[in-house]
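Notes to accompany the following structure.
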Amino acid sequence: MTQVSRRGLVLGSVASAILLGDRALAQDSYPNRTITVINPFPPGGASDVVTRPLVAAVEPIVKQPVIIETKAGAAGAVGAQFAANAKPDGYTLLSHITSISGFAEVDRLFGRQPKFTNADFIPIARFVADPCVLIVNDQQKWTSVQDFIADAKARPNQIIYSSSGLYGALHIPMALFAKAAGDLKLRHLPTTGGGPAVTALLGNNAQALASSVSACLAQIKAGKARALASFGGERSKALPDVPTMKELGFNVEYYLWVGMFAPKGTPEPVITKLREVFNKAAHTDQFQAALVNLGQELAYLDQPEFAKFWDQDAKRIQEAIREIGKVEG
């Protein structure tokens, strides 16, 4: 071996050792400052009501401040795009829901170049998988899905339903239901998130809504909203008297899940640390008690299982978007 090649080998070994040392240091010292979790929806929706108690459980574990920064808009696409472009160092994370899977497909549907794709994120963990529920406000006479369908057919384009935004997580289940029920003609009122969608329902600006259980359970218990059917595969434990769509003869099943993501390129040691942190936080009594108050159960998936689930669920969401087709406004 020549002197030059020996020197190259030594320098290469030193560089590798430094790189490995930096990676170990990154894992050992992370986090050493504030972590920001991007919430892409206004207060009151599933992402917001699940992420806040989760963050409260994370702070004592990491011994650093963990703050929620709301960046709402475009059914959650604004916050997702911000996170996709953030520095991949573990200090900017994204809490998002089912709709993250479909943004690129919507862009393709309209002939646009996607601003980001699922490949721009690293899934860390899933926390809940909340079946949506079809609700109406207390000013309406409908007491069953059959009543609702009959009135919708008698008065096409007169019944208004709200959602978290066009092609968002609450628009998709309602559009699929309308199609399964015989192509019901309903008017769509997109809002900026699940919270505003519930507000529109309660104010009778909309008469119906496919909501997550967590975002509307308090209103159902207060008598301000009435649940007609669940989109889950089985009845919700929080709403045991509410039949599923499949029980009623409609082949529609839909869940609104909440998961945590990091930007693509986040170092593997940091991802490993985040997996440990969120696993521990999700299984605390504190967080699980908060879920019970929301009418939910922990449906935790660690990264390998969540990545597999997300891939399969994304295909279903993208297929649903293509089935809905182009919708303007």
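Just so we're on the same page: first chain in the structure tokens is A, next is B, and so on; residues restart at 1 for each chain, and ligands are numbered from 1 in the order they show up.
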Shell of 12 Å around Gly90 of chain A, only C-alpha atoms, local chain residues under 2 positions omitted, as JSON, numbers by chain: {"A": [26, 27, 29, 30, 31, 32, 33, 34, 35, 36, 37, 66, 83, 86, 87, 88, 92, 93, 94, 121, 122, 124, 260, 261, 262, 263, 264, 265, 266, 267, 268, 269, 270, 271, 272, 273, 274, 275]}
Residue set, segment 11-221 of chain A restricted to strand (DSSP E), as a ChimeraX atom specification: /A:35-39,66-70,92-97,121-137,160-163,187-190,208-212
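Distances to Asn118 of chain A were evaluated for A:Ser144, A:Ser163, A:Gln81, A:Ser47 using only C-alpha atoms, and the minimum falls at A:Gln81.
Distances from A:Gly168, A:Pro131, A:Pro40, A:Pro190 to Ala238 of chain A were compared using only C-alpha atoms, and the smallest one belongs to A:Pro131.
Our summary of the geometry notes that atom CA of Gly45 of chain A is positioned 24.7 Å from atom CA of Thr143 of chain A.
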All residues 6 Å or closer to Ile135 of chain A, only C-alpha atoms, same chain fewer than 3 positions away omitted, as a PyMOL selection string: chain A and resi 208-209+226-228
All alpha helix (DSSP H) positions in segment 1-219 of chain A, as a ChimeraX atom specification: /A:3-29,46-62,77-84,103-109,145-154,171-180,194-202,213-219
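Using only C-alpha atoms, the shortest contact distance between Val55 of chain A and any of A:Ile67, A:Ile220, A:Ala225, A:Ala215 is found at A:Ile67.
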Nearest candidate to Gly76 of chain A (options A:Pro156, A:Leu170, A:Asp147, A:Leu54; using only C-alpha atoms): A:Leu170
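Nearest residue to Val128 of chain A among A:Ser162, A:Ser230, A:Ser212, A:Thr192 is A:Ser212, counting only C-alpha atoms.
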Within 9 Å of Phe116 of chain A using only C-alpha atoms, minus same-chain residues under 5 positions, as a PyMOL selection string: chain A and resi 80-81+84-85+103-104
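Picture a line from atom CA of Gly193 of chain A to atom CA of Asp120 of chain A; it runs 22.7 Å.
Each of A:Ala150, A:Met245, A:Leu202, A:Ile100 was compared to Val133 of chain A using only C-alpha atoms, and A:Met245 turns out to be the nearest.
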Who sits within 8 Å of Thr98 of chain A, only C-alpha atoms, same chain under 5 positions skipped, as a ChimeraX atom specification: /A:169,255-258,317
Shell of 9 Å around Asn205 of chain A, only C-alpha atoms, local chain residues under 2 positions omitted, as a ChimeraX atom specification: /A:160-162,189,199-203,207
